[in-house]
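Visitor: For reference, this is final.pdb, and it has PDB, C-alpha atoms.
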ATOM      1  CA  MET U   1       0.000   0.000   0.000
ATOM      2  CA  ALA U   2       1.387   3.415  -1.012
ATOM      3  CA  LEU U   3       0.447   5.000   2.297
ATOM      4  CA  VAL U   4       2.193   2.360   4.403
ATOM      5  CA  ALA U   5       5.292   2.600   2.197
ATOM      6  CA  ALA U   6       5.321   6.348   2.642
ATOM      7  CA  LEU U   7       5.165   5.928   6.384
ATOM      8  CA  VAL U   8       8.017   3.436   6.362
ATOM      9  CA  CYS U   9      10.273   5.456   4.062
ATOM     10  CA  GLY U  10       9.466   8.907   5.424
ATOM     11  CA  PRO U  11      12.398  11.120   6.485
ATOM     12  CA  ALA U  12      13.179  11.719  10.085
ATOM     13  CA  GLY U  13      11.877  14.773  11.926
ATOM     14  CA  ALA U  14       9.543  15.859  14.727
ATOM     15  CA  GLY U  15       6.282  17.715  15.370
ATOM     16  CA  GLN U  16       2.520  17.409  15.086
ATOM     17  CA  ALA U  17      -0.018  19.235  12.920
ATOM     18  CA  GLN U  18      -3.704  19.468  12.229
ATOM     19  CA  PRO U  19      -5.042  18.013   8.937
ATOM     20  CA  GLY U  20      -4.307  20.284   6.001
ATOM     21  CA  ALA U  21      -1.520  22.323   7.632
ATOM     22  CA  PRO U  22       2.109  21.892   6.504
ATOM     23  CA  ALA U  23       4.280  20.200   9.161
ATOM     24  CA  PRO U  24       7.803  18.847   9.545
ATOM     25  CA  ALA U  25       8.474  15.251   8.573
ATOM     26  CA  PRO U  26       7.945  12.644  11.357
ATOM     27  CA  ASN U  27      10.786  10.703  12.995
ATOM     28  CA  ASP U  28      11.137   6.918  12.949
ATOM     29  CA  ALA U  29       9.164   6.355  16.170
ATOM     30  CA  GLN U  30       6.318   8.487  14.929
ATOM     31  CA  VAL U  31       6.276   6.629  11.619
ATOM     32  CA  THR U  32       6.106   3.264  13.400
ATOM     33  CA  GLN U  33       3.281   4.434  15.650
ATOM     34  CA  ALA U  34       1.372   5.953  12.726
ATOM     35  CA  LYS U  35       1.871   2.738  10.692
ATOM     36  CA  ASP U  36       0.214   0.680  13.456
ATOM     37  CA  LEU U  37      -2.752   3.092  13.524
ATOM     38  CA  VAL U  38      -3.087   2.952   9.736
ATOM     39  CA  ASN U  39      -3.158  -0.873   9.792
ATOM     40  CA  LYS U  40      -5.916  -0.752  12.416
ATOM     41  CA  ALA U  41      -7.829   1.846  10.356
ATOM     42  CA  ILE U  42      -7.617  -0.372   7.278
ATOM     43  CA  ALA U  43      -9.002  -3.323   9.259
ATOM     44  CA  LYS U  44     -11.867  -1.190  10.629
ATOM     45  CA  SER U  45     -12.691   0.092   7.141
ATOM     46  CA  GLN U  46     -12.757  -3.435   5.699
ATOM     47  CA  ALA U  47     -15.117  -4.425   8.531
ATOM     48  CA  GLY U  48     -17.455  -1.552   7.617
ATOM     49  CA  ASP U  49     -16.710   0.526  10.721
ATOM     50  CA  HIS U  50     -15.829   3.742   8.891
ATOM     51  CA  ALA U  51     -16.305   5.979  11.946
ATOM     52  CA  ALA U  52     -13.608   4.059  13.823
ATOM     53  CA  ALA U  53     -11.372   4.120  10.743
ATOM     54  CA  ILE U  54     -11.761   7.912  10.512
ATOM     55  CA  GLU U  55     -10.746   8.320  14.154
ATOM     56  CA  LEU U  56      -7.662   6.129  13.680
ATOM     57  CA  TYR U  57      -6.602   8.019  10.535
ATOM     58  CA  LEU U  58      -6.922  11.326  12.425
ATOM     59  CA  GLN U  59      -4.718   9.991  15.219
ATOM     60  CA  ALA U  60      -2.164   8.771  12.680
ATOM     61  CA  TYR U  61      -2.136  12.159  10.941
ATOM     62  CA  ASN U  62      -1.585  13.974  14.229
ATOM     63  CA  ILE U  63       1.463  11.768  14.804
ATOM     64  CA  ALA U  64       2.786  11.685  11.212
ATOM     65  CA  PRO U  65       1.100  14.409   9.074
ATOM     66  CA  LEU U  66       1.604  12.823   5.654
ATOM     67  CA  PRO U  67      -0.622  14.091   2.786
ATOM     68  CA  LEU U  68      -1.713  10.584   1.751
ATOM     69  CA  LEU U  69      -3.537  10.277   5.069
ATOM     70  CA  LEU U  70      -5.807  13.127   3.946
ATOM     71  CA  SER U  71      -6.846  11.175   0.850
ATOM     72  CA  ASN U  72      -7.568   8.100   2.997
ATOM     73  CA  LEU U  73      -9.590  10.226   5.434
ATOM     74  CA  ALA U  74     -11.639  11.634   2.567
ATOM     75  CA  ALA U  75     -12.354   8.138   1.229
ATOM     76  CA  GLU U  76     -13.574   6.997   4.652
ATOM     77  CA  TYR U  77     -15.869  10.025   4.985
ATOM     78  CA  GLN U  78     -17.203   9.296   1.508
ATOM     79  CA  GLN U  79     -18.015   5.698   2.454
ATOM     80  CA  ALA U  80     -19.632   6.964   5.674
ATOM     81  CA  GLN U  81     -22.060   9.034   3.524
ATOM     82  CA  LYS U  82     -20.609  12.368   4.656
ATOM     83  CA  PRO U  83     -19.946  14.155   1.344
ATOM     84  CA  ILE U  84     -19.139  17.585   2.825
ATOM     85  CA  GLU U  85     -16.311  16.224   5.021
ATOM     86  CA  ALA U  86     -15.090  13.956   2.212
ATOM     87  CA  LEU U  87     -14.844  16.906  -0.201
ATOM     88  CA  LYS U  88     -13.006  18.928   2.456
ATOM     89  CA  TYR U  89     -10.207  16.359   2.877
ATOM     90  CA  PHE U  90      -9.893  15.550  -0.843
ATOM     91  CA  CYS U  91      -9.427  19.257  -1.508
ATOM     92  CA  LYS U  92      -6.892  19.573   1.344
ATOM     93  CA  TYR U  93      -4.910  16.714  -0.148
ATOM     94  CA  LEU U  94      -4.935  18.375  -3.590
ATOM     95  CA  GLU U  95      -3.839  21.669  -2.023
ATOM     96  CA  ILE U  96      -0.892  20.199  -0.045
ATOM     97  CA  GLU U  97       0.278  17.655  -2.627
ATOM     98  CA  PRO U  98      -0.881  18.856  -6.088
ATOM     99  CA  THR U  99       1.476  16.419  -7.874
ATOM    100  CA  GLY U 100       1.148  13.467  -5.492
ATOM    101  CA  PRO U 101       0.342   9.863  -6.440
ATOM    102  CA  ASN U 102      -3.368  10.161  -5.512
ATOM    103  CA  VAL U 103      -4.082  13.401  -7.413
ATOM    104  CA  SER U 104      -6.089  11.736 -10.207
ATOM    105  CA  TYR U 105      -8.188   9.730  -7.742
ATOM    106  CA  ALA U 106      -8.760  12.712  -5.438
ATOM    107  CA  THR U 107      -9.700  14.978  -8.350
ATOM    108  CA  ALA U 108     -12.219  12.485  -9.744
ATOM    109  CA  GLN U 109     -13.846  11.927  -6.353
ATOM    110  CA  ALA U 110     -14.002  15.667  -5.637
ATOM    111  CA  ARG U 111     -15.818  16.189  -8.935
ATOM    112  CA  VAL U 112     -18.314  13.440  -8.015
ATOM    113  CA  LEU U 113     -18.913  14.986  -4.588
ATOM    114  CA  GLN U 114     -19.421  18.485  -6.020
ATOM    115  CA  THR U 115     -22.085  17.098  -8.343
ATOM    116  CA  GLN U 116     -23.683  15.175  -5.472
ATOM    117  CA  LEU U 117     -23.841  18.409  -3.438
ATOM    118  CA  HIS U 118     -25.373  20.275  -6.444
ATOM    119  CA  ASN U 119     -22.384  22.622  -6.647
ATOM    120  CA  PRO U 120     -21.096  24.001  -9.956
ATOM    121  CA  VAL U 121     -18.031  22.041 -11.074
ATOM    122  CA  ASP U 122     -14.981  23.699 -12.587
ATOM    123  CA  ASP U 123     -13.030  21.008 -14.435
ATOM    124  CA  SER U 124      -9.833  23.045 -14.219
ATOM    125  CA  LYS U 125     -10.138  23.287 -10.425
ATOM    126  CA  VAL U 126     -12.711  21.030  -8.809
ATOM    127  CA  CYS U 127     -12.255  22.618  -5.376
ATOM    128  CA  LYS U 128     -12.871  26.151  -6.604
ATOM    129  CA  PRO U 129     -15.671  27.787  -4.573
ATOM    130  CA  ALA U 130     -18.884  28.599  -6.371
ATOM    131  CA  ALA U 131     -19.043  32.024  -7.942
ATOM    132  CA  PRO U 132     -21.444  34.455  -6.229
ATOM    133  CA  PRO U 133     -24.708  35.175  -8.040
ATOM    134  CA  PRO U 134     -24.637  38.186 -10.387
ATOM    135  CA  PRO U 135     -26.020  41.454  -8.993
ATOM    136  CA  PRO U 136     -29.536  42.464 -10.022
ATOM    137  CA  PRO U 137     -29.778  44.616 -13.160
ATOM    138  CA  PRO U 138     -29.991  48.385 -12.643
ATOM    139  CA  PRO U 139     -33.387  50.066 -13.019
ATOM    140  CA  ALA U 140     -34.403  51.165 -16.483
ATOM    141  CA  LEU U 141     -33.263  54.617 -17.583
ATOM    142  CA  GLY U 142     -35.813  57.344 -17.107
ATOM    143  CA  SER U 143     -37.699  55.584 -14.327
ATOM    144  CA  ALA U 144     -38.491  57.932 -11.460
ATOM    145  CA  VAL U 145     -37.488  57.116  -7.894
ATOM    146  CA  GLY U 146     -40.281  55.214  -6.205
ATOM    147  CA  GLN U 147     -42.109  54.725  -9.478
ATOM    148  CA  SER U 148     -43.468  51.253  -9.930
ATOM    149  CA  THR U 149     -41.792  49.200 -12.638
ATOM    150  CA  LEU U 150     -44.557  46.612 -12.716
ATOM    151  CA  PRO U 151     -46.363  46.212 -16.039
ATOM    152  CA  PRO U 152     -49.770  47.894 -16.247
ATOM    153  CA  ASP U 153     -52.809  45.854 -15.388
ATOM    154  CA  PRO U 154     -54.478  44.248 -18.390
ATOM    155  CA  PRO U 155     -57.712  45.899 -19.524
ATOM    156  CA  PRO U 156     -60.873  44.389 -18.043
ATOM    157  CA  HIS U 157     -62.404  41.633 -20.057
ATOM    158  CA  ARG U 158     -65.388  42.759 -22.048
ATOM    159  CA  ASP U 159     -68.011  40.254 -23.101
ATOM    160  CA  ASP U 160     -68.928  41.030 -26.721
ATOM    161  CA  ARG U 161     -71.618  38.356 -26.955
ATOM    162  CA  ASP U 162     -75.058  39.602 -28.069
ATOM    163  CA  PRO U 163     -77.294  39.546 -24.959
ATOM    164  CA  GLY U 164     -80.484  39.628 -27.050
ATOM    165  CA  ARG U 165     -79.745  36.687 -29.323
ATOM    166  CA  GLY U 166     -81.024  34.121 -26.844
ATOM    167  CA  LEU U 167     -84.254  36.060 -26.223
ATOM    168  CA  GLU U 168     -84.907  36.315 -29.948
ATOM    169  CA  ARG U 169     -84.541  32.560 -30.323
ATOM    170  CA  SER U 170     -86.783  31.943 -27.327
ATOM    171  CA  GLY U 171     -89.392  34.231 -28.875
ATOM    172  CA  ILE U 172     -89.329  32.182 -32.060
ATOM    173  CA  VAL U 173     -89.804  28.948 -30.093
ATOM    174  CA  PHE U 174     -92.757  30.418 -28.179
ATOM    175  CA  GLY U 175     -94.206  31.663 -31.458
ATOM    176  CA  VAL U 176     -94.080  28.217 -33.043
ATOM    177  CA  ALA U 177     -95.728  26.678 -29.980
ATOM    178  CA  GLY U 178     -98.426  29.385 -30.028
ATOM    179  CA  ALA U 179     -99.122  28.780 -33.696
ATOM    180  CA  VAL U 180     -99.537  25.058 -33.016
ATOM    181  CA  PHE U 181    -102.022  25.750 -30.199
ATOM    182  CA  VAL U 182    -103.994  28.203 -32.365
ATOM    183  CA  GLY U 183    -104.118  25.640 -35.138
ATOM    184  CA  LEU U 184    -105.505  23.048 -32.727
ATOM    185  CA  GLY U 185    -108.089  25.573 -31.534
ATOM    186  CA  VAL U 186    -109.217  26.223 -35.087
ATOM    187  CA  PHE U 187    -109.388  22.498 -35.737
ATOM    188  CA  TYR U 188    -111.563  21.778 -32.692
ATOM    189  CA  GLY U 189    -113.645  24.873 -33.452
ATOM    190  CA  ALA U 190    -114.445  23.479 -36.866
ATOM    191  CA  LYS U 191    -115.396  20.138 -35.321
ATOM    192  CA  ALA U 192    -117.631  21.844 -32.768
ATOM    193  CA  GLN U 193    -119.378  23.848 -35.495
ATOM    194  CA  SER U 194    -119.938  20.692 -37.514
ATOM    195  CA  ARG U 195    -121.555  18.951 -34.523
ATOM    196  CA  THR U 196    -123.729  22.017 -33.861
ATOM    197  CA  ASP U 197    -124.941  22.034 -37.466
ATOM    198  CA  GLU U 198    -125.866  18.348 -37.245
ATOM    199  CA  VAL U 199    -127.854  18.925 -34.060
ATOM    200  CA  ASN U 200    -129.605  22.002 -35.468
ATOM    201  CA  ASN U 201    -130.528  20.204 -38.678
ATOM    202  CA  ASN U 202    -132.271  17.401 -36.795
ATOM    203  CA  GLY U 203    -135.871  17.413 -38.069
ATOM    204  CA  SER U 204    -137.260  15.319 -35.246
ATOM    205  CA  ASN U 205    -138.670  16.879 -32.096
ATOM    206  CA  GLN U 206    -137.303  13.996 -30.074
ATOM    207  CA  TRP U 207    -133.562  13.766 -29.715
ATOM    208  CA  SER U 208    -132.099  10.362 -30.106
ATOM    209  CA  ASP U 209    -129.067   9.044 -28.279
ATOM    210  CA  THR U 210    -126.989   9.838 -31.355
ATOM    211  CA  ILE U 211    -128.071  13.471 -31.327
ATOM    212  CA  LEU U 212    -127.330  13.715 -27.611
ATOM    213  CA  ALA U 213    -123.898  12.194 -28.149
ATOM    214  CA  ASP U 214    -123.210  14.632 -30.993
ATOM    215  CA  GLU U 215    -124.221  17.522 -28.773
ATOM    216  CA  ALA U 216    -121.934  16.370 -25.955
ATOM    217  CA  GLU U 217    -119.030  15.839 -28.368
ATOM    218  CA  GLY U 218    -119.620  19.266 -29.893
ATOM    219  CA  GLN U 219    -119.548  20.850 -26.441
ATOM    220  CA  SER U 220    -116.280  19.042 -25.684
ATOM    221  CA  ASP U 221    -114.763  20.250 -28.948
ATOM    222  CA  GLU U 222    -115.863  23.785 -28.167
ATOM    223  CA  ASN U 223    -114.182  23.607 -24.760
ATOM    224  CA  LYS U 224    -111.016  22.345 -26.393
ATOM    225  CA  GLN U 225    -111.257  25.147 -28.953
ATOM    226  CA  ILE U 226    -111.416  27.754 -26.205
ATOM    227  CA  GLY U 227    -108.545  26.195 -24.241
ATOM    228  CA  PHE U 228    -106.218  25.870 -27.235
ATOM    229  CA  LEU U 229    -107.005  29.377 -28.488
ATOM    230  CA  ILE U 230    -106.247  30.850 -25.079
ATOM    231  CA  ALA U 231    -103.010  28.873 -24.802
ATOM    232  CA  GLY U 232    -102.038  29.790 -28.343
ATOM    233  CA  GLY U 233    -102.787  33.432 -27.704
ATOM    234  CA  VAL U 234    -100.710  33.450 -24.533
ATOM    235  CA  PHE U 235     -97.762  31.766 -26.256
ATOM    236  CA  LEU U 236     -97.960  34.152 -29.213
ATOM    237  CA  GLY U 237     -98.103  37.113 -26.872
ATOM    238  CA  VAL U 238     -95.134  35.904 -24.864
ATOM    239  CA  ALA U 239     -93.278  35.140 -28.108
ATOM    240  CA  THR U 240     -93.866  38.672 -29.357
ATOM    241  CA  ALA U 241     -92.794  40.265 -26.081
ATOM    242  CA  VAL U 242     -89.652  38.116 -25.714
ATOM    243  CA  TYR U 243     -88.620  38.588 -29.321
ATOM    244  CA  VAL U 244     -89.122  42.376 -29.224
ATOM    245  CA  ILE U 245     -87.121  42.698 -25.977
ATOM    246  CA  GLY U 246     -84.339  40.508 -27.371
ATOM    247  CA  HIS U 247     -84.254  42.425 -30.626
ATOM    248  CA  ARG U 248     -84.080  45.698 -28.754
ATOM    249  CA  ARG U 249     -81.161  44.472 -26.662
ATOM    250  CA  SER U 250     -79.365  43.305 -29.798
ATOM    251  CA  VAL U 251     -79.748  46.755 -31.335
ATOM    252  CA  ASP U 252     -78.469  48.437 -28.159
ATOM    253  CA  HIS U 253     -75.550  46.008 -27.959
ATOM    254  CA  ALA U 254     -74.581  46.639 -31.569
ATOM    255  CA  GLY U 255     -74.620  50.405 -30.944
ATOM    256  CA  ASP U 256     -72.559  50.092 -27.751
ATOM    257  CA  HIS U 257     -70.045  47.826 -29.451
ATOM    258  CA  ALA U 258     -69.606  50.266 -32.318
ATOM    259  CA  ALA U 259     -69.185  53.178 -29.880
ATOM    260  CA  ASN U 260     -66.555  51.287 -27.848
ATOM    261  CA  ARG U 261     -64.579  50.412 -30.938
ATOM    262  CA  ALA U 262     -64.597  54.080 -32.013
ATOM    263  CA  GLY U 263     -63.418  55.168 -28.549
ATOM    264  CA  ASP U 264     -66.677  56.863 -27.717
ATOM    265  CA  HIS U 265     -67.711  55.938 -24.182
ATOM    266  CA  ALA U 266     -70.687  58.333 -24.058
ATOM    267  CA  PRO U 267     -74.089  56.749 -23.280
ATOM    268  CA  HIS U 268     -75.711  55.248 -26.350
ATOM    269  CA  ALA U 269     -78.830  57.024 -27.565
ATOM    270  CA  GLY U 270     -80.941  53.918 -27.172
ATOM    271  CA  GLU U 271     -79.683  52.827 -23.775
ATOM    272  CA  ALA U 272     -82.297  54.734 -21.806
ATOM    273  CA  THR U 273     -85.198  53.164 -23.677
ATOM    274  CA  HIS U 274     -86.037  49.495 -23.245
ATOM    275  CA  ALA U 275     -89.072  47.541 -24.255
ATOM    276  CA  GLN U 276     -91.642  47.305 -21.490
ATOM    277  CA  LEU U 277     -94.419  44.862 -22.292
ATOM    278  CA  SER U 278     -97.028  42.928 -20.377
ATOM    279  CA  VAL U 279     -99.239  40.123 -21.664
ATOM    280  CA  VAL U 280    -102.897  40.000 -20.599
ATOM    281  CA  PRO U 281    -104.777  36.845 -21.695
ATOM    282  CA  THR U 282    -108.480  37.249 -22.605
ATOM    283  CA  ALA U 283    -111.124  34.630 -23.208
ATOM    284  CA  ALA U 284    -114.873  34.385 -23.700
ATOM    285  CA  ALA U 285    -117.349  31.852 -24.986
ATOM    286  CA  GLY U 286    -116.301  30.905 -28.473
ATOM    287  CA  TYR U 287    -113.009  32.776 -28.606
ATOM    288  CA  GLY U 288    -109.767  33.498 -26.734
ATOM    289  CA  GLY U 289    -106.674  35.636 -27.105
ATOM    290  CA  VAL U 290    -104.204  38.000 -25.444
ATOM    291  CA  THR U 291    -103.689  41.728 -25.169
ATOM    292  CA  LEU U 292    -100.200  43.306 -25.200
ATOM    293  CA  VAL U 293     -99.772  46.419 -23.083
ATOM    294  CA  GLY U 294     -96.609  48.504 -23.070
ATOM    295  CA  ARG U 295     -94.229  50.542 -25.197
ATOM    296  CA  TRP U 296     -90.982  50.052 -27.073
TER     297      TRP U 296
END
Re-express the file's structure as structure tokens.
Guide:
Amino acid sequence: MALVAALVCGPAGAGQAQPGAPAPAPNDAQVTQAKDLVNKAIAKSQAGDHAAAIELYLQAYNIAPLPLLLSNLAAEYQQAQKPIEALKYFCKYLEIEPTGPNVSYATAQARVLQTQLHNPVDDSKVCKPAAPPPPPPPPALGSAVGQSTLPPDPPPHRDDRDPGRGLERSGIVFGVAGAVFVGLGVFYGAKAQSRTDEVNNNGSNQWSDTILADEAEGQSDENKQIGFLIAGGVFLGVATAVYVIGHRRSVDHAGDHAANRAGDHAPHAGEATHAQLSVVPTAAAGYGGVTLVGRW
């Protein structure tokens, strides 16, 4: 092992030092003592007890401060899942012995640890501290002190949909339904008149069961006529009112939209006038309908 050989062949000297600080070479007794600690550290590391191996390597370095011990310390910290301490000792080794035998290994492991710690890596110097973030850009020229540099608020959303289109369509639907009801009223009115004519044209003073049945059926048809005419009249009245209101709103909306596009925000001439209608159904014997009251 390179480290043990370095301990054995190290020059004589004396003194102790903390990891990373330059120190005089150890004497023979210190080398022997450090070699025993290194052998114990290797055994602890092979057994998976990296904390004990780290402690033994630190003791050995305090006795014989050889740079290779720093690389071994870093490797033990790395295996103990302590990347910050491992990077510290790899970088100390590279600083003290930049041309030593473990430079390639220490450089590669330092690069791995920098990436693991999400630090920017400089391939030319893996232990170089991260550059500080750039200062914020100066304010734009011409901006007054205290003036807000935020972008202006977006214009409020304007709904350009025609508000009267739905009412116009509803008015058409009501109109169709009213026409159907009026048609049914006319149909049953014709049937009732036909039954009445048959009863009136009976030449006999005594009414038979057939005549009585015709009279009852004619009365039923007349009731249906009245009901359908009233319903049809109501639906037609509602259809007219809804359609007129919707059409009026469409006209107002078109005028407002044109004014907004031209930049004219003055009140539209037709905004103050809106259709005001009420539907009053009417019915009597033999007929039915509705009356519209209002203005537009």
Visitor: Run the PyMOL selection byres ((chain U and resi 162-167) around 9) against the file shown and list the residues it catches, as a ChimeraX atom specification.
Guide: /U:159-161,168-172,242-251,253-254
Visitor: Near Leu73 (chain U), counting only C-alpha atoms, which residues have an atom at most 7 Å away, once you skip same-chain residues fewer than 2 positions from it, shown as a list in words?
Guide: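 My reading of the contact set: Ile54, Tyr57, Leu69, Leu70, Ser71, Ala75, Glu76, Tyr77 and Tyr89 of chain U.
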Visitor: How about saving the chosen residues, C-alpha atoms kept, as an mmCIF file, in the frame of the given file?
Guide:
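Dumped everything to result_28.cif:
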data_model
loop_
_atom_site.group_PDB
_atom_site.id
_atom_site.type_symbol
_atom_site.label_atom_id
_atom_site.label_comp_id
_atom_site.auth_asym_id
_atom_site.auth_seq_id
_atom_site.Cartn_x
_atom_site.Cartn_y
_atom_site.Cartn_z
ATOM 1 C CA ILE U 54 -11.761 7.912 10.512
ATOM 2 C CA TYR U 57 -6.602 8.019 10.535
ATOM 3 C CA LEU U 69 -3.537 10.277 5.069
ATOM 4 C CA LEU U 70 -5.807 13.127 3.946
ATOM 5 C CA SER U 71 -6.846 11.175 0.850
ATOM 6 C CA ALA U 75 -12.354 8.138 1.229
ATOM 7 C CA GLU U 76 -13.574 6.997 4.652
ATOM 8 C CA TYR U 77 -15.869 10.025 4.985
ATOM 9 C CA TYR U 89 -10.207 16.359 2.877
#
Visitor: Out of U:Ser220, U:Gln33, U:Gln225, U:Ser104, which residue has the shortest atom-to-atom distance to Gly183 (chain U) when counting only C-alpha atoms?
Guide: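 Checking each candidate against Gly183 (chain U), we get U:Gln225 as the closest.
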Visitor: From the options U:Gln193, U:Gln79, U:Gln114, U:Asn39, which residue's atoms come nearest to Asn223 (chain U), counting all atoms listed in the file?
Guide: U:Gln193
Visitor: What's around Phe174 (chain U) at 12 Å? Count all atoms listed in the file, leave out sequence neighbours fewer than 5 positions away in its own chain, and write the answer as number ranges by chain.
Guide: U: 167-169, 179-181, 231-243
Visitor: Exactly which residues make up the result of the PyMOL selection byres ((chain U and resi 86) around 12) on this file, given as a VMD selection string?
Guide: chain U and resid 54 70 to 85 87 to 93 106 to 107 109 to 114 116 to 117 127
Visitor: Have a look at U:Gly255, U:Ala41, U:Arg195, U:Gly178 and name the one nearest to Ile230 (chain U); count all atoms listed in the file.
Guide: U:Gly178
